[in-house]
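Visitor: One structure coming up, written as structure tokens, with questions to follow.
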Amino acid sequence: MDLLYFVRLARKGWMVLVLSLVLSVTAALVLTARTPPKYVATITMMVSGYDKVGSLTTAYQAGMLSTQRVQSYANLLTSRRVVSQLGGGEQVARLQEAIKAEAIPATMLLRATVTDADPVRAARLANTLGARFTRVIDQIERPTRDSRPAVRVTVVDSADVPKVPVTPRPLVNLGLALIIGLLVAFSTLVLRDRLDTTVKSSEALQESAGSSVLGVIGYEKDARHHPLIVRENGRSTRSEAFRSLRTNLQFIGVDRRPKSLVVTSCLPNEGKSSTSANLAITLAQAGWRVILVEGDLRSPRIPHYLGIEGSAGLTDVLIDKAALKDVIQPWGPSGLSVLPGGQIPPNPSELLGSNGMRAVLAELVADYDLVIVDAPPLLPITDAAALAAVCDGTLLLARYGKTRREHIARAVETLASVNARLVGTVLNFAPGRRGGYYGYGYGYGAETAPREIRTPVKV
């Protein structure tokens, strides 16, 4: 993970980032507003001893004295015997929690702090604590009532009234909230990214499929209503993407160039029908003799995209109800030929894998430079596998941000199980600078007819 990785995560998940920061800052502000202010008053005391003649000890002796006793005096500061002189009853326990004492290392100094919501009371309690503690030590360190104490404690710095509360600290709370918000946001984004197995790059698609990526088809906002690239005289970015796909197809297996190509995907709604149609149009515009075959006999889409009659077609040929030449339709000025699916049969898998389908493909391969078959998705049904087994090659589509890597792996295994040749893959619906996706409402078993789509060329 480098900085660029986190920058990309922040760009893709900026809403999560903003939401996390807003929530953390709001929580910090509410917590700060509801936290009562507390003030800390500090008092410093010095421990000193006397020699046998009553004079103060030397600095070395004082250091030994501090080492031996000052730490115990720090503990004694918060004892019930000392604190009970500041208040009685239930106040003793509260005062013990409010008083903190420490021995300053390598010195004879004691530091005691008193925390309270009232700054004046905090200072008063601290000074009272110092006065009472000196008397307690004076009593403890006297061997007898009339003798001189061996150690005495002196207040060096008395407590002043604090002006600034130690809590809450708005800036500190805000800074911590921002840090926590960023950590939570990026942790969520990284976790989501690691758990997300959808294909979002050509590298990931190539790794999952074990085959080269022949094209990346981008997003266009109005492609849902105008899926064909013939609009705008073919000057759109999607048109250029299909031209690039056409060029890459020309370099596939120069010695084994496929004459029949199945276009399929892992799951529905991945744009295979629009890709099949646009690829056929692009090849025809380049002078290829191309025929587009509707191989999805369950939910045909090609007639609706191209605006042609689809009541008679491949099914009628396979059941010997019509001749092949009678159901092939020309489309557009480039000379593209189209073989619709015809009526929907009850047994599409058997028809597509039959000897009759092989005979139809053989006849089409002899008459055209390339036969493009728009097949159903691979994983839900077996129709595409049956077609892939009788065609020269298969082009597998993946939808950006929807198709999972495990779907790609299963599709490749399915193709391998029928000895189909995977010539390459295409990443569809790839977002542009502004991102986004589009789809065409693919559904199996739906009784409703697809929405009519207007096309600028109609024959």
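Going by the structure tokens order, chains are called A, B, ..., each with residues numbered from 1, while ligands are numbered from 1 in the order shown.
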Find the residues near Leu125 (chain A): any atom within 12 Å, counting only C-alpha atoms, skip ones fewer than 2 places away on the same chain, and give them as JSON, numbers by chain.
Guide: {"A": [39, 40, 41, 42, 43, 82, 83, 84, 85, 86, 87, 95, 96, 98, 99, 112, 113, 114, 115, 116, 118, 119, 120, 121, 122, 123, 127, 128, 129, 130, 131, 132, 133, 158, 159, 160, 161]}
Visitor: When DSSP works through the backbone of this structure, what residues of region 108-312 of chain A end up as strand (DSSP E), shown as a ChimeraX atom specification?
Guide: /A:109-116,151-157,213-218,260-265,290-294
Visitor: Please compute the CA of Thr247 (chain A)-CA of Cys391 (chain A) distance, one decimal, in Å.
Guide: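 Computing the Euclidean distance for CA of Thr247 (chain A) and CA of Cys391 (chain A) yields 20.6 Å.
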Visitor: Go through region 8-45 of chain A and collect every residue that DSSP, computed from the backbone, puts in helix (DSSP H, G or I); the answer should be as a VMD selection string.
Guide: chain A and resid 8 to 12 14 to 34
Visitor: In terms of the shortest atom-to-atom distance over only C-alpha atoms, which of A:Ile229, A:Asn269, A:Gly353, A:Ile319 is closest to Leu306 (chain A)?
Guide: A:Ile229
Visitor: Write out as number ranges by chain which residues come within 8 Å of Ala103 (chain A) when counting only C-alpha atoms, dropping same-chain ones fewer than 4 positions away.
Guide: A: 70-71, 74, 107-111
Visitor: Any idea what's packed within 6 Å of region 276-293 of chain A, counting only C-alpha atoms, ignoring anything in its chain fewer than 6 positions away? Could you give it as a list of chain:residue names?
Guide: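 Skipping anything fewer than 6 positions along the chain leaves A:Leu228, A:Ser334, A:Leu336, A:Ser337, A:Val338, A:Leu339, A:Tyr368, A:Asp369, A:Leu370, A:Val371, A:Ile372, A:Val373, A:Asp374.
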Visitor: Quick one: everything within 7 Å of Gly310 (chain A), counting only C-alpha atoms, minus sequence neighbours fewer than 3 positions away in the same chain. Send it as a count of residues only.
Guide: 5
Visitor: Tell me which protein, DNA and RNA residues are within 8 Å of region 21-34 of chain A, counting only C-alpha atoms, leaving out same-chain ones fewer than 4 positions away, and put them as a PyMOL selection string.
Guide: chain A and resi 17+168-170+173-174+177-178+180-182+185
Visitor: Would you output that residue set with N, CA, C and O atoms, as a PDB file, in the first residue's frame?
Guide:
ATOM      1  N   LEU A  17     -15.612   8.940   3.850  1.00  0.00           N
ATOM      2  CA  LEU A  17     -14.633   9.785   4.530  1.00  0.00           C
ATOM      3  C   LEU A  17     -15.300  11.003   5.157  1.00  0.00           C
ATOM      4  O   LEU A  17     -15.064  11.325   6.333  1.00  0.00           O
ATOM      5  N   PRO A 168     -12.804  20.379  29.819  1.00  0.00           N
ATOM      6  CA  PRO A 168     -12.446  19.774  28.534  1.00  0.00           C
ATOM      7  C   PRO A 168     -11.448  20.635  27.766  1.00  0.00           C
ATOM      8  O   PRO A 168     -11.323  21.840  28.015  1.00  0.00           O
ATOM      9  N   ARG A 169     -10.780  20.007  26.796  1.00  0.00           N
ATOM     10  CA  ARG A 169      -9.845  20.723  25.923  1.00  0.00           C
ATOM     11  C   ARG A 169     -10.382  20.646  24.497  1.00  0.00           C
ATOM     12  O   ARG A 169     -10.160  19.641  23.806  1.00  0.00           O
ATOM     13  N   PRO A 170     -11.076  21.649  24.053  1.00  0.00           N
ATOM     14  CA  PRO A 170     -11.760  21.580  22.748  1.00  0.00           C
ATOM     15  C   PRO A 170     -10.828  21.286  21.582  1.00  0.00           C
ATOM     16  O   PRO A 170     -11.152  20.461  20.723  1.00  0.00           O
ATOM     17  N   ASN A 173      -9.621  17.688  21.797  1.00  0.00           N
ATOM     18  CA  ASN A 173     -10.726  16.783  21.450  1.00  0.00           C
ATOM     19  C   ASN A 173     -11.023  16.807  19.962  1.00  0.00           C
ATOM     20  O   ASN A 173     -11.286  15.768  19.349  1.00  0.00           O
ATOM     21  N   LEU A 174     -10.985  18.002  19.367  1.00  0.00           N
ATOM     22  CA  LEU A 174     -11.242  18.115  17.935  1.00  0.00           C
ATOM     23  C   LEU A 174     -10.153  17.424  17.124  1.00  0.00           C
ATOM     24  O   LEU A 174     -10.431  16.726  16.143  1.00  0.00           O
ATOM     25  N   ALA A 177     -10.615  13.764  17.416  1.00  0.00           N
ATOM     26  CA  ALA A 177     -11.782  13.348  16.629  1.00  0.00           C
ATOM     27  C   ALA A 177     -11.431  13.245  15.144  1.00  0.00           C
ATOM     28  O   ALA A 177     -11.853  12.301  14.464  1.00  0.00           O
ATOM     29  N   LEU A 178     -10.657  14.197  14.646  1.00  0.00           N
ATOM     30  CA  LEU A 178     -10.259  14.149  13.242  1.00  0.00           C
ATOM     31  C   LEU A 178      -9.382  12.934  12.964  1.00  0.00           C
ATOM     32  O   LEU A 178      -9.553  12.245  11.949  1.00  0.00           O
ATOM     33  N   ILE A 180      -9.233  10.090  14.719  1.00  0.00           N
ATOM     34  CA  ILE A 180     -10.044   8.876  14.837  1.00  0.00           C
ATOM     35  C   ILE A 180     -10.974   8.732  13.631  1.00  0.00           C
ATOM     36  O   ILE A 180     -11.154   7.629  13.096  1.00  0.00           O
ATOM     37  N   GLY A 181     -11.574   9.836  13.197  1.00  0.00           N
ATOM     38  CA  GLY A 181     -12.449   9.780  12.030  1.00  0.00           C
ATOM     39  C   GLY A 181     -11.717   9.315  10.783  1.00  0.00           C
ATOM     40  O   GLY A 181     -12.231   8.498  10.016  1.00  0.00           O
ATOM     41  N   LEU A 182     -10.493   9.831  10.584  1.00  0.00           N
ATOM     42  CA  LEU A 182      -9.711   9.406   9.417  1.00  0.00           C
ATOM     43  C   LEU A 182      -9.327   7.937   9.520  1.00  0.00           C
ATOM     44  O   LEU A 182      -9.384   7.202   8.533  1.00  0.00           O
ATOM     45  N   ALA A 185     -12.425   5.844   8.862  1.00  0.00           N
ATOM     46  CA  ALA A 185     -12.821   5.911   7.452  1.00  0.00           C
ATOM     47  C   ALA A 185     -11.895   5.089   6.575  1.00  0.00           C
ATOM     48  O   ALA A 185     -12.349   4.280   5.750  1.00  0.00           O
TER      49      ALA A 185
END
Visitor: Restricting the calculation to only C-alpha atoms: of A:Leu214, A:Ala106, A:Ala384, A:Leu189, which residue gets closest to Phe251 (chain A)?
Guide: A:Leu214
Visitor: Using only C-alpha atoms, which of the listed residues (A:Ser236, A:Thr264, A:Ser349, A:Asn355) sits closest to Val423 (chain A)?
Guide: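 Result for the nearest residue to Val423 (chain A): A:Thr264.
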Visitor: Closest to Met357 (chain A) among A:Pro149, A:Pro377, A:Gly401, A:Gly295, using only C-alpha atoms?
Guide: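 Looking at the shortest contact to Met357 (chain A), the residue is A:Gly295.
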Visitor: For Thr315 (chain A), which residue among A:Thr44, A:Ser354, A:Thr197, A:Thr188 is the nearest when counting only C-alpha atoms?
Guide: A:Ser354
Visitor: Using only C-alpha atoms for the distances, tell me which of A:His407, A:Arg243, A:Lys272, A:Arg298 is nearest to Leu427 (chain A).
Guide: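 When distances to Leu427 (chain A) are compared using only C-alpha atoms, the smallest one comes from A:Lys272.
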Visitor: Give me the residues within 12 Å of Ala359 (chain A) as a ChimeraX atom specification, counting only C-alpha atoms and dropping any in the same chain fewer than 6 places off.
Guide: /A:314,317-318,324,351-353,365-366,390-391
